[in-house]
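Peer 1: Please find work-v5.cif (mmCIF, C-alpha atoms) on the next line:
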```
data_run
#
loop_
_atom_site.group_PDB
_atom_site.id
_atom_site.type_symbol
_atom_site.label_atom_id
_atom_site.label_comp_id
_atom_site.auth_asym_id
_atom_site.auth_seq_id
_atom_site.Cartn_x
_atom_site.Cartn_y
_atom_site.Cartn_z
ATOM 1 C CA MET A 1 0.000 0.000 0.000
ATOM 2 C CA GLU A 2 1.394 3.370 -1.041
ATOM 3 C CA VAL A 3 2.095 5.768 1.824
ATOM 4 C CA PRO A 4 0.518 9.243 1.301
ATOM 5 C CA SER A 5 3.026 12.017 0.624
ATOM 6 C CA THR A 6 1.133 14.462 2.844
ATOM 7 C CA LEU A 7 -0.658 14.324 6.158
ATOM 8 C CA SER A 8 -4.435 14.462 6.215
ATOM 9 C CA ALA A 9 -6.082 17.589 7.591
ATOM 10 C CA PRO A 10 -6.762 16.082 11.062
ATOM 11 C CA GLN A 11 -3.207 14.721 11.168
ATOM 12 C CA THR A 12 -1.867 18.147 10.253
ATOM 13 C CA ALA A 13 -3.906 19.785 13.015
ATOM 14 C CA HIS A 14 -2.604 17.271 15.539
ATOM 15 C CA ALA A 15 0.971 17.744 14.306
ATOM 16 C CA ILE A 16 0.671 21.497 14.804
ATOM 17 C CA VAL A 17 -0.689 20.925 18.306
ATOM 18 C CA ARG A 18 2.325 18.766 19.170
ATOM 19 C CA TYR A 19 4.614 21.362 17.623
ATOM 20 C CA GLY A 20 2.936 24.078 19.649
ATOM 21 C CA ILE A 21 3.262 22.179 22.922
ATOM 22 C CA ALA A 22 6.965 21.747 22.213
ATOM 23 C CA LYS A 23 7.215 25.508 21.672
ATOM 24 C CA HIS A 24 5.417 26.169 24.946
ATOM 25 C CA ASN A 25 7.759 23.839 26.837
ATOM 26 C CA ASP A 26 10.899 25.367 25.334
ATOM 27 C CA ARG A 27 13.077 27.523 27.576
ATOM 28 C CA TYR A 28 12.432 31.246 27.272
ATOM 29 C CA GLU A 29 16.013 32.124 26.391
ATOM 30 C CA MET A 30 15.963 29.534 23.602
ATOM 31 C CA VAL A 31 12.703 30.956 22.258
ATOM 32 C CA PHE A 32 14.265 34.432 22.228
ATOM 33 C CA ILE A 33 17.434 33.249 20.473
ATOM 34 C CA LYS A 34 15.361 31.441 17.837
ATOM 35 C CA ALA A 35 13.225 34.557 17.394
ATOM 36 C CA VAL A 36 16.317 36.728 16.850
ATOM 37 C CA ALA A 37 17.597 34.238 14.258
ATOM 38 C CA ALA A 38 14.205 34.241 12.543
ATOM 39 C CA GLY A 39 14.245 38.052 12.385
ATOM 40 C CA VAL A 40 17.583 37.895 10.602
ATOM 41 C CA MET A 41 16.472 35.160 8.206
ATOM 42 C CA ILE A 42 13.216 36.821 7.177
ATOM 43 C CA SER A 43 15.257 39.967 6.557
ATOM 44 C CA PHE A 44 17.516 38.090 4.143
ATOM 45 C CA GLY A 45 14.434 37.447 2.048
ATOM 46 C CA GLY A 46 13.427 41.095 2.322
ATOM 47 C CA LEU A 47 16.865 42.272 1.222
ATOM 48 C CA LEU A 48 16.864 39.950 -1.788
ATOM 49 C CA SER A 49 13.427 41.227 -2.781
ATOM 50 C CA GLU A 50 14.636 44.853 -2.465
ATOM 51 C CA ILE A 51 17.702 44.179 -4.600
ATOM 52 C CA LEU A 52 15.572 42.673 -7.347
ATOM 53 C CA SER A 53 12.760 45.239 -7.232
ATOM 54 C CA GLY A 54 14.956 48.272 -6.579
ATOM 55 C CA GLY A 55 17.429 47.386 -9.296
ATOM 56 C CA ALA A 56 14.825 46.870 -12.020
ATOM 57 C CA VAL A 57 14.230 50.571 -12.689
ATOM 58 C CA GLY A 58 13.543 50.253 -16.407
ATOM 59 C CA LEU A 59 11.295 47.229 -15.966
ATOM 60 C CA THR A 60 9.408 49.002 -13.171
ATOM 61 C CA GLN A 61 8.560 51.862 -15.496
ATOM 62 C CA SER A 62 7.471 49.617 -18.365
ATOM 63 C CA ASP A 63 5.839 46.740 -16.479
ATOM 64 C CA PRO A 64 5.578 47.259 -12.683
ATOM 65 C CA GLY A 65 3.411 44.184 -12.230
ATOM 66 C CA ILE A 66 6.190 41.874 -13.370
ATOM 67 C CA VAL A 67 8.574 43.473 -10.863
ATOM 68 C CA LYS A 68 6.106 42.882 -8.025
ATOM 69 C CA VAL A 69 5.716 39.249 -9.030
ATOM 70 C CA LEU A 70 9.493 38.728 -9.274
ATOM 71 C CA GLY A 71 10.127 40.521 -5.982
ATOM 72 C CA GLY A 72 7.518 38.371 -4.300
ATOM 73 C CA PHE A 73 8.984 35.212 -5.778
ATOM 74 C CA VAL A 74 12.369 35.576 -4.029
ATOM 75 C CA PHE A 75 11.027 36.746 -0.656
ATOM 76 C CA PRO A 76 9.989 33.280 0.689
ATOM 77 C CA VAL A 77 13.626 32.227 1.004
ATOM 78 C CA GLY A 78 13.569 33.750 4.492
ATOM 79 C CA LEU A 79 10.537 31.819 5.746
ATOM 80 C CA THR A 80 11.915 28.659 4.157
ATOM 81 C CA MET A 81 15.057 28.905 6.297
ATOM 82 C CA ILE A 82 12.953 29.628 9.388
ATOM 83 C CA VAL A 83 10.675 26.622 8.915
ATOM 84 C CA LEU A 84 13.438 24.165 8.029
ATOM 85 C CA GLN A 85 15.512 25.280 11.029
ATOM 86 C CA SER A 86 12.536 25.423 13.430
ATOM 87 C CA GLN A 87 13.072 29.061 14.382
ATOM 88 C CA GLU A 88 10.457 31.381 15.917
ATOM 89 C CA LEU A 89 8.498 33.802 13.703
ATOM 90 C CA LEU A 90 5.684 35.871 15.206
ATOM 91 C CA THR A 91 3.248 35.703 12.286
ATOM 92 C CA SER A 92 3.443 31.924 12.009
ATOM 93 C CA ASN A 93 3.159 31.544 15.788
ATOM 94 C CA MET A 94 -0.098 33.501 15.656
ATOM 95 C CA MET A 95 -1.629 30.404 14.137
ATOM 96 C CA VAL A 96 0.490 27.680 15.746
ATOM 97 C CA ILE A 97 0.259 28.919 19.341
ATOM 98 C CA ILE A 98 -3.447 29.667 19.002
ATOM 99 C CA ARG A 99 -4.138 26.116 17.942
ATOM 100 C CA PHE A 100 -2.728 24.747 21.222
ATOM 101 C CA TYR A 101 -5.888 25.792 23.010
ATOM 102 C CA GLU A 102 -9.305 24.264 23.037
ATOM 103 C CA VAL A 103 -11.748 26.456 21.147
ATOM 104 C CA GLU A 104 -13.498 27.566 24.354
ATOM 105 C CA GLU A 105 -10.284 28.914 25.913
ATOM 106 C CA LEU A 106 -9.365 30.795 22.753
ATOM 107 C CA ILE A 107 -12.779 32.369 22.317
ATOM 108 C CA VAL A 108 -13.153 33.334 25.973
ATOM 109 C CA SER A 109 -9.720 34.918 25.896
ATOM 110 C CA LEU A 110 -10.895 36.981 22.902
ATOM 111 C CA ILE A 111 -14.178 37.846 24.697
ATOM 112 C CA LEU A 112 -16.251 36.286 21.935
ATOM 113 C CA ARG A 113 -18.520 34.343 24.232
ATOM 114 C CA VAL A 114 -21.414 34.329 21.792
ATOM 115 C CA ILE A 115 -19.480 31.976 19.548
ATOM 116 C CA LEU A 116 -19.646 29.377 22.285
ATOM 117 C CA GLN A 117 -23.158 28.697 21.034
ATOM 118 C CA ILE A 118 -21.768 27.877 17.587
ATOM 119 C CA PHE A 119 -18.803 25.814 18.758
ATOM 120 C CA PRO A 120 -20.130 23.692 21.642
ATOM 121 C CA MET A 121 -17.543 21.368 23.150
ATOM 122 C CA ALA A 122 -18.153 18.402 25.373
ATOM 123 C CA VAL A 123 -15.129 18.774 27.596
ATOM 124 C CA LEU A 124 -13.298 21.919 28.671
ATOM 125 C CA GLN A 125 -9.627 20.974 28.954
ATOM 126 C CA HIS A 126 -6.466 22.713 27.776
ATOM 127 C CA ALA A 127 -3.325 21.538 26.024
ATOM 128 C CA VAL A 128 -1.243 24.387 27.495
ATOM 129 C CA PRO A 129 -2.085 27.149 29.982
ATOM 130 C CA TRP A 130 -3.723 30.293 28.598
ATOM 131 C CA TRP A 131 -0.794 32.528 29.493
ATOM 132 C CA GLY A 132 1.497 30.583 27.126
ATOM 133 C CA LEU A 133 0.010 32.543 24.223
ATOM 134 C CA CYS A 134 0.925 35.946 25.677
ATOM 135 C CA VAL A 135 4.372 34.868 26.841
ATOM 136 C CA ASN A 136 5.295 33.361 23.485
ATOM 137 C CA TRP A 137 4.094 36.353 21.478
ATOM 138 C CA PHE A 138 5.899 38.784 23.794
ATOM 139 C CA ILE A 139 9.236 36.984 23.598
ATOM 140 C CA VAL A 140 9.033 36.260 19.870
ATOM 141 C CA PHE A 141 7.901 39.813 19.029
ATOM 142 C CA PHE A 142 10.934 41.432 20.623
ATOM 143 C CA GLY A 143 13.240 38.671 19.402
ATOM 144 C CA ASN A 144 12.082 39.164 15.802
ATOM 145 C CA LEU A 145 12.430 42.936 16.227
ATOM 146 C CA ALA A 146 15.968 42.636 17.618
ATOM 147 C CA GLY A 147 17.076 40.326 14.814
ATOM 148 C CA SER A 148 15.505 42.474 12.105
ATOM 149 C CA LEU A 149 16.984 45.710 13.450
ATOM 150 C CA PHE A 150 20.422 44.105 13.794
ATOM 151 C CA PHE A 151 20.282 42.923 10.194
ATOM 152 C CA ALA A 152 19.025 46.282 8.907
ATOM 153 C CA ALA A 153 21.544 48.393 10.821
ATOM 154 C CA ILE A 154 24.715 46.285 10.828
ATOM 155 C CA LEU A 155 24.547 43.953 7.850
ATOM 156 C CA VAL A 156 22.782 46.295 5.423
ATOM 157 C CA HIS A 157 23.007 49.984 6.357
ATOM 158 C CA TYR A 158 26.504 50.132 7.833
ATOM 159 C CA SER A 159 27.892 47.565 5.393
ATOM 160 C CA GLY A 160 26.799 49.800 2.492
ATOM 161 C CA ILE A 161 25.700 46.937 0.244
ATOM 162 C CA VAL A 162 22.631 48.856 -0.971
ATOM 163 C CA SER A 163 23.785 52.433 -0.321
ATOM 164 C CA ALA A 164 24.288 53.189 -4.024
ATOM 165 C CA GLU A 165 21.502 54.215 -6.380
ATOM 166 C CA PRO A 166 18.953 53.098 -7.327
ATOM 167 C CA TYR A 167 18.670 50.977 -4.188
ATOM 168 C CA ALA A 168 18.853 53.752 -1.601
ATOM 169 C CA SER A 169 16.056 55.735 -3.242
ATOM 170 C CA TYR A 170 13.936 52.620 -3.659
ATOM 171 C CA ILE A 171 14.312 51.677 0.016
ATOM 172 C CA LYS A 172 13.253 55.143 1.178
ATOM 173 C CA THR A 173 10.334 55.326 -1.240
ATOM 174 C CA ALA A 174 9.147 51.830 -0.336
ATOM 175 C CA ALA A 175 9.186 52.665 3.395
ATOM 176 C CA VAL A 176 7.027 55.745 2.897
ATOM 177 C CA HIS A 177 4.741 53.870 0.515
ATOM 178 C CA LYS A 178 4.176 51.107 3.079
ATOM 179 C CA ALA A 179 3.959 53.073 6.333
ATOM 180 C CA GLY A 180 3.362 56.723 5.444
ATOM 181 C CA ASP A 181 0.863 56.838 2.584
ATOM 182 C CA PRO A 182 -1.784 54.258 3.628
ATOM 183 C CA GLN A 183 -4.337 54.911 6.358
ATOM 184 C CA TRP A 184 -4.239 52.896 9.594
ATOM 185 C CA HIS A 185 -7.222 50.766 8.623
ATOM 186 C CA GLN A 186 -5.686 49.982 5.236
ATOM 187 C CA ILE A 187 -2.507 48.624 6.825
ATOM 188 C CA PHE A 188 -4.647 46.677 9.308
ATOM 189 C CA LEU A 189 -6.611 45.032 6.492
ATOM 190 C CA ARG A 190 -3.425 44.260 4.590
ATOM 191 C CA GLY A 191 -2.108 42.598 7.735
ATOM 192 C CA ILE A 192 -5.112 40.284 7.752
ATOM 193 C CA GLY A 193 -4.425 39.186 4.172
ATOM 194 C CA CYS A 194 -0.738 38.704 4.952
ATOM 195 C CA ASN A 195 -1.068 36.375 7.904
ATOM 196 C CA TRP A 196 -3.973 34.522 6.359
ATOM 197 C CA LEU A 197 -1.551 33.426 3.645
ATOM 198 C CA VAL A 198 1.361 32.893 6.070
ATOM 199 C CA SER A 199 -0.842 30.613 8.165
ATOM 200 C CA VAL A 200 -1.866 28.691 5.052
ATOM 201 C CA ALA A 201 1.827 28.321 4.193
ATOM 202 C CA ILE A 202 2.637 26.964 7.664
ATOM 203 C CA TRP A 203 -0.323 24.571 7.506
ATOM 204 C CA GLN A 204 0.721 23.248 4.088
ATOM 205 C CA SER A 205 4.393 22.888 4.992
ATOM 206 C CA THR A 206 3.427 21.008 8.158
ATOM 207 C CA ALA A 207 1.327 18.609 6.079
ATOM 208 C CA ALA A 208 4.228 17.922 3.705
ATOM 209 C CA LYS A 209 6.535 15.079 4.723
ATOM 210 C CA ASP A 210 9.730 15.713 2.758
ATOM 211 C CA THR A 211 11.924 18.801 2.515
ATOM 212 C CA ILE A 212 11.229 19.671 -1.130
ATOM 213 C CA SER A 213 7.488 19.400 -0.601
ATOM 214 C CA LYS A 214 7.698 21.624 2.480
ATOM 215 C CA ILE A 215 9.537 24.313 0.502
ATOM 216 C CA VAL A 216 7.079 24.231 -2.391
ATOM 217 C CA ALA A 217 4.072 24.164 -0.050
ATOM 218 C CA LEU A 218 5.070 27.312 1.805
ATOM 219 C CA TRP A 219 6.629 29.144 -1.156
ATOM 220 C CA PHE A 220 3.474 29.900 -3.137
ATOM 221 C CA PRO A 221 1.321 31.508 -0.395
ATOM 222 C CA ILE A 222 4.233 33.742 0.662
ATOM 223 C CA TRP A 223 4.907 34.641 -2.969
ATOM 224 C CA VAL A 224 1.261 35.694 -3.349
ATOM 225 C CA PHE A 225 1.157 37.853 -0.215
ATOM 226 C CA VAL A 226 4.346 39.754 -1.068
ATOM 227 C CA ALA A 227 3.495 40.221 -4.756
ATOM 228 C CA CYS A 228 0.004 41.495 -3.889
ATOM 229 C CA GLY A 229 1.326 44.014 -1.352
ATOM 230 C CA PHE A 230 -0.132 42.665 1.897
ATOM 231 C CA ASP A 231 1.644 43.746 5.082
ATOM 232 C CA HIS A 232 3.433 41.852 7.812
ATOM 233 C CA ALA A 233 5.027 43.628 10.788
ATOM 234 C CA ASN A 234 7.745 45.144 8.536
ATOM 235 C CA MET A 235 10.403 45.046 11.241
ATOM 236 C CA TYR A 236 13.162 45.198 8.627
ATOM 237 C CA SER A 237 12.215 47.164 5.523
ATOM 238 C CA ILE A 238 10.645 50.237 7.137
ATOM 239 C CA PRO A 239 13.310 50.703 9.849
ATOM 240 C CA LEU A 240 15.898 50.364 7.087
ATOM 241 C CA GLY A 241 14.128 53.103 5.131
ATOM 242 C CA ILE A 242 14.188 55.346 8.205
ATOM 243 C CA MET A 243 17.927 54.666 8.600
ATOM 244 C CA PHE A 244 18.405 55.762 4.984
ATOM 245 C CA GLY A 245 16.550 59.031 5.670
ATOM 246 C CA ALA A 246 12.995 58.316 4.562
ATOM 247 C CA ASP A 247 10.418 61.004 5.377
ATOM 248 C CA LEU A 248 8.988 58.922 8.189
ATOM 249 C CA THR A 249 9.376 59.118 11.969
ATOM 250 C CA VAL A 250 9.871 56.182 14.308
ATOM 251 C CA ALA A 251 6.690 57.124 16.179
ATOM 252 C CA GLU A 252 4.692 57.149 12.950
ATOM 253 C CA TYR A 253 6.105 53.776 11.979
ATOM 254 C CA ILE A 254 5.193 52.225 15.342
ATOM 255 C CA ARG A 255 1.724 53.749 15.459
ATOM 256 C CA LYS A 256 0.653 53.268 11.859
ATOM 257 C CA SER A 257 2.612 50.317 10.536
ATOM 258 C CA LEU A 258 3.846 48.120 13.369
ATOM 259 C CA PHE A 259 0.701 48.102 15.491
ATOM 260 C CA ALA A 260 -1.765 48.126 12.592
ATOM 261 C CA SER A 261 -0.125 45.195 10.824
ATOM 262 C CA PHE A 262 0.386 43.360 14.130
ATOM 263 C CA PHE A 263 -3.318 43.433 14.979
ATOM 264 C CA GLY A 264 -4.201 42.579 11.394
ATOM 265 C CA ASN A 265 -1.794 39.640 11.513
ATOM 266 C CA ILE A 266 -3.581 38.330 14.606
ATOM 267 C CA ILE A 267 -6.939 38.385 12.829
ATOM 268 C CA GLY A 268 -5.389 36.757 9.760
ATOM 269 C CA GLY A 269 -4.043 33.928 11.907
ATOM 270 C CA LEU A 270 -7.449 33.413 13.498
ATOM 271 C CA VAL A 271 -9.075 33.116 10.074
ATOM 272 C CA VAL A 272 -7.129 29.881 9.572
ATOM 273 C CA ALA A 273 -6.826 28.726 13.188
ATOM 274 C CA LEU A 274 -10.475 28.894 14.249
ATOM 275 C CA PRO A 275 -12.010 26.913 11.353
ATOM 276 C CA ALA A 276 -9.187 24.373 11.505
ATOM 277 C CA THR A 277 -9.691 24.036 15.249
ATOM 278 C CA TYR A 278 -13.428 23.546 14.829
ATOM 279 C CA TYR A 279 -13.197 20.971 12.035
ATOM 280 C CA TYR A 280 -10.078 18.998 12.926
ATOM 281 C CA TYR A 281 -8.956 19.817 16.443
ATOM 282 C CA LYS A 282 -12.259 19.052 18.166
ATOM 283 C CA ASP A 283 -11.331 15.365 18.293
ATOM 284 C CA TYR A 284 -7.989 16.156 19.910
ATOM 285 C CA ARG A 285 -8.433 13.603 22.703
ATOM 286 C CA VAL A 286 -9.844 10.809 20.531
ATOM 287 C CA ASP A 287 -6.438 9.321 19.745
ATOM 288 C CA THR A 288 -5.197 9.669 23.370
ATOM 289 C CA GLN A 289 -2.752 12.436 22.385
ATOM 290 C CA HIS A 290 -4.031 14.724 25.116
ATOM 291 C CA THR A 291 -3.631 12.131 27.859
ATOM 292 C CA ALA A 292 -0.245 11.059 26.505
ATOM 293 C CA GLU A 293 1.093 14.594 26.923
ATOM 294 C CA ARG A 294 -0.016 14.533 30.543
ATOM 295 C CA GLY A 295 1.453 11.095 31.141
ATOM 296 C CA GLU A 296 -1.992 9.745 31.920
ATOM 297 C CA ILE A 297 -1.926 7.203 29.124
ATOM 298 C CA PHE A 298 0.856 5.303 30.846
ATOM 299 C CA HIS A 299 -1.039 5.324 34.105
ATOM 300 C CA ASN A 300 -4.198 4.177 32.365
ATOM 301 C CA SER A 301 -2.300 1.497 30.485
ATOM 302 C CA ASP A 302 -0.820 0.167 33.713
ATOM 303 C CA HIS A 303 -4.254 0.238 35.291
ATOM 304 C CA SER A 304 -5.739 -1.600 32.298
ATOM 305 C CA SER A 305 -2.993 -4.193 32.528
ATOM 306 C CA ASP A 306 -3.714 -4.717 36.212
ATOM 307 C CA VAL A 307 -7.401 -5.138 35.472
ATOM 308 C CA THR A 308 -6.628 -7.644 32.712
ATOM 309 C CA ASP A 309 -4.320 -9.611 34.971
ATOM 310 C CA THR A 310 -6.970 -9.686 37.679
ATOM 311 C CA LYS A 311 -9.569 -10.979 35.217
ATOM 312 C CA GLN A 312 -7.210 -13.687 33.975
ATOM 313 C CA ARG A 313 -6.638 -14.845 37.521
#
```
Once you've parsed the file, please lay out its structure as structure tokens.
Peer 2:
Amino acid sequence: MEVPSTLSAPQTAHAIVRYGIAKHNDRYEMVFIKAVAAGVMISFGGLLSEILSGGAVGLTQSDPGIVKVLGGFVFPVGLTMIVLQSQELLTSNMMVIIRFYEVEELIVSLILRVILQIFPMAVLQHAVPWWGLCVNWFIVFFGNLAGSLFFAAILVHYSGIVSAEPYASYIKTAAVHKAGDPQWHQIFLRGIGCNWLVSVAIWQSTAAKDTISKIVALWFPIWVFVACGFDHANMYSIPLGIMFGADLTVAEYIRKSLFASFFGNIIGGLVVALPATYYYYKDYRVDTQHTAERGEIFHNSDHSSDVTDTKQR
């Protein structure tokens, strides 16, 4: 019998739960170090995209759509390195960490109690404590920010690799175009589209069993979100534009871009996490995974063995 090349949807949901529990149990300093590394790696993809898009001046004037598609195509190299090395990226954790919780805990924490009528659950138990969500996001957020700022300042700005024209002008213009020109609600909505696709990419790469399949599975959703102009937290590209002298203040970047895209990214992660939780994660305890993580399965097995031995006697 041929073994399937991908996990089924319920298997994928359970795999993400196990992955999330491992993240929750990881030491905080390790989570931070992984988050810093992820900030650097995602910035490598951003830099490559800037080099391609910023250097194609003639093509931008004649066919800007092609430049967007090509720039989006090279960007996923950063997320590919993060996933294959099991680093910590905030936008992907917005789906993975959320899925650790039973639907009731997630919805109550979001004060959406009315949805409890739509998603009734028989048993109210948790895979990890509720505070694990906040702790993970806090550590990973600042770790990603530290890694991205280090890459932007030291490896890009001070190294001078894109200080010449047309790259410098492109970087400044792109920063203003992303954080200065749009309204707050527009960046927020773009953040939803971004993390919707990032979460799909993480789901698909988790379902894939071999390395090549994982790369292909996550590449296309990330390519789409970058080419279409959706927004992630932009911890690299906009700070780099400010370092190059873009007409944009740090306060404006934090208020308009960082926070707006952050909250949009949360909603985008929920768009994937909540339906997946409802359809596939509701039978989380059916295969004894939940009790195995608590060590109860071994106790129950021993108890069952004792009962069997007693019956045989």
Peer 1: Can you tell me, as a count of residues only, what residues are no more than 12 Å from Leu79 in chain A when counting all atoms listed in the file, ignoring any on the same chain fewer than 4 positions away?
Peer 2: 37
Peer 1: What does the structure give for the distance between CA of Lys178 in chain A and CA of Tyr253 in chain A, in Å to one decimal?
Peer 2: 9.5 Å
Peer 1: Just to confirm, what's the straight-line distance from CA of Trp184 in chain A to CA of Phe32 in chain A in Å (one decimal)?
Peer 2: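 Interatomic distance here is 29.0 Å.
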Peer 1: Grab the CA of Val176 in chain A to CA of Ala246 in chain A distance for me, in Å with one decimal place.
Peer 2: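 Those two atoms sit 6.7 Å apart.
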Peer 1: Restricting the calculation to all atoms listed in the file, which member of A:Phe150, A:Tyr279, A:Tyr19, A:Phe225 is positioned closest to Pro239 in chain A?
Peer 2: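 Closest to Pro239 in chain A of all the choices is A:Phe150.
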Peer 1: Might you pull out every residue within 7 Å of Ala208 in chain A, with all atoms listed in the file counted and same-chain residues fewer than 3 positions away left off, and present them as a ChimeraX atom specification?
Peer 2: /A:5-7,204-205,213-214
Peer 1: Around (16.6, 45.9, 8.4) in the file's frame, which residues reach within 7 Å when counting all atoms listed in the file? Return as a PyMOL selection string?
Peer 2: chain A and resi 43+148-153+156+235-237+239-240
Peer 1: Could you turn the residues from that selection into a file that holds C-alpha atoms, as a PDB file, in the frame of the given file?
Peer 2:
```
ATOM      1  CA  SER A  43      15.257  39.967   6.557  1.00  0.00           C
ATOM      2  CA  SER A 148      15.505  42.474  12.105  1.00  0.00           C
ATOM      3  CA  LEU A 149      16.984  45.710  13.450  1.00  0.00           C
ATOM      4  CA  PHE A 150      20.422  44.105  13.794  1.00  0.00           C
ATOM      5  CA  PHE A 151      20.282  42.923  10.194  1.00  0.00           C
ATOM      6  CA  ALA A 152      19.025  46.282   8.907  1.00  0.00           C
ATOM      7  CA  ALA A 153      21.544  48.393  10.821  1.00  0.00           C
ATOM      8  CA  VAL A 156      22.782  46.295   5.423  1.00  0.00           C
ATOM      9  CA  MET A 235      10.403  45.046  11.241  1.00  0.00           C
ATOM     10  CA  TYR A 236      13.162  45.198   8.627  1.00  0.00           C
ATOM     11  CA  SER A 237      12.215  47.164   5.523  1.00  0.00           C
ATOM     12  CA  PRO A 239      13.310  50.703   9.849  1.00  0.00           C
ATOM     13  CA  LEU A 240      15.898  50.364   7.087  1.00  0.00           C
TER      14      LEU A 240
END
```
Peer 1: Any chance you could resolve the PyMOL selection byres ((chain A and resi 196) around 9) against this file and give the residues as a VMD selection string?
Peer 2: chain A and resid 191 to 195 197 to 201 225 265 267 to 272
Peer 1: Name all residues at most 8 Å from range 161-169 of chain A (count only C-alpha atoms; drop same-chain ones fewer than 6 positions away) and give them as number ranges by chain.
Peer 2: A: 50-51, 54-55, 57, 244
Peer 1: Would you please work out which residue, of A:Gly20, A:Gly241, A:Gly180, A:Pro10, is nearest to Leu133 in chain A when using only C-alpha atoms?
Peer 2: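 Among A:Gly20, A:Gly241, A:Gly180, A:Pro10, it is A:Gly20 that comes nearest to Leu133 in chain A.
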Peer 1: Please work out which residues fall within 10 Å of (11.9, 36.1, 26.7), coordinates as given in the file, with only C-alpha atoms counting, and return them as a ChimeraX atom specification.
Peer 2: /A:27-33,35,135-143
Peer 1: So that I can see what lies close to Phe188 in chain A, please list as a VMD selection string the residues with an atom at most 6 Å from it, counting only C-alpha atoms and leaving out residues fewer than 6 positions away in the same chain.
Peer 2: chain A and resid 260 to 261 264
Peer 1: Give me a file of those residues, with C-alpha atoms, as a compact mmCIF listing (two decimals), in the frame of the given file.
Peer 2:
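Saved to part_18.txt:
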```
# COMPACT_ATOMS: atom_id res chain seq x y z
CA ALA A 260 -1.76 48.13 12.59
CA SER A 261 -0.12 45.20 10.82
CA GLY A 264 -4.20 42.58 11.39
```
Peer 1: Which residue out of A:Leu47, A:Leu59, A:Ile212, A:Ala207 has the minimum interatomic distance to His14 in chain A when only C-alpha atoms are used?
Peer 2: A:Ala207
Peer 1: If I wrap all listed atoms of range 31-35 of chain A in a box with edges along x, y and z and add 4 Å on each side, what are its centre and edge lengths in Å to one decimal, as JSON?
Peer 2:
```
{"center_x": 15.1, "center_y": 32.8, "center_z": 19.8, "size_x": 12.7, "size_y": 11.6, "size_z": 12.9}
```
Peer 1: I'd like to know which of A:Val36, A:Ala233, A:Val3, A:Val17 is closest to Phe263 in chain A, using only C-alpha atoms.
Peer 2: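 Closest candidate: A:Ala233.
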Peer 1: Output requested as an mmCIF file, in the frame of the given file - range 212-222 of chain A, filled out with N, CA, C and O atoms.
Peer 2:
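Saved file rebuild06.cif follows:
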```cif
data_model
loop_
_atom_site.group_PDB
_atom_site.id
_atom_site.type_symbol
_atom_site.label_atom_id
_atom_site.label_comp_id
_atom_site.auth_asym_id
_atom_site.auth_seq_id
_atom_site.Cartn_x
_atom_site.Cartn_y
_atom_site.Cartn_z
ATOM 1 N N ILE A 212 11.605 18.973 0.097
ATOM 2 C CA ILE A 212 11.229 19.671 -1.130
ATOM 3 C C ILE A 212 9.751 20.040 -1.108
ATOM 4 O O ILE A 212 9.360 21.155 -1.482
ATOM 5 N N SER A 213 8.925 19.123 -0.673
ATOM 6 C CA SER A 213 7.488 19.400 -0.601
ATOM 7 C C SER A 213 7.184 20.520 0.382
ATOM 8 O O SER A 213 6.299 21.347 0.143
ATOM 9 N N LYS A 214 7.891 20.550 1.500
ATOM 10 C CA LYS A 214 7.698 21.624 2.480
ATOM 11 C C LYS A 214 8.032 22.986 1.866
ATOM 12 O O LYS A 214 7.314 23.970 2.061
ATOM 13 N N ILE A 215 9.128 23.053 1.121
ATOM 14 C CA ILE A 215 9.537 24.313 0.502
ATOM 15 C C ILE A 215 8.501 24.781 -0.510
ATOM 16 O O ILE A 215 8.083 25.944 -0.501
ATOM 17 N N VAL A 216 8.071 23.876 -1.368
ATOM 18 C CA VAL A 216 7.079 24.231 -2.391
ATOM 19 C C VAL A 216 5.760 24.637 -1.744
ATOM 20 O O VAL A 216 5.114 25.604 -2.157
ATOM 21 N N ALA A 217 5.357 23.908 -0.697
ATOM 22 C CA ALA A 217 4.072 24.164 -0.050
ATOM 23 C C ALA A 217 4.001 25.540 0.591
ATOM 24 O O ALA A 217 2.953 26.188 0.587
ATOM 25 N N LEU A 218 5.103 25.993 1.161
ATOM 26 C CA LEU A 218 5.070 27.312 1.805
ATOM 27 C C LEU A 218 5.446 28.446 0.855
ATOM 28 O O LEU A 218 5.111 29.608 1.090
ATOM 29 N N TRP A 219 6.124 28.108 -0.258
ATOM 30 C CA TRP A 219 6.629 29.144 -1.156
ATOM 31 C C TRP A 219 5.495 29.930 -1.820
ATOM 32 O O TRP A 219 5.521 31.165 -1.862
ATOM 33 N N PHE A 220 4.498 29.229 -2.329
ATOM 34 C CA PHE A 220 3.474 29.900 -3.137
ATOM 35 C C PHE A 220 2.601 30.864 -2.337
ATOM 36 O O PHE A 220 2.343 31.983 -2.799
ATOM 37 N N PRO A 221 2.094 30.512 -1.149
ATOM 38 C CA PRO A 221 1.321 31.508 -0.395
ATOM 39 C C PRO A 221 2.119 32.753 -0.027
ATOM 40 O O PRO A 221 1.594 33.874 -0.082
ATOM 41 N N ILE A 222 3.403 32.574 0.324
ATOM 42 C CA ILE A 222 4.233 33.742 0.662
ATOM 43 C C ILE A 222 4.488 34.581 -0.582
ATOM 44 O O ILE A 222 4.482 35.823 -0.535
#
```
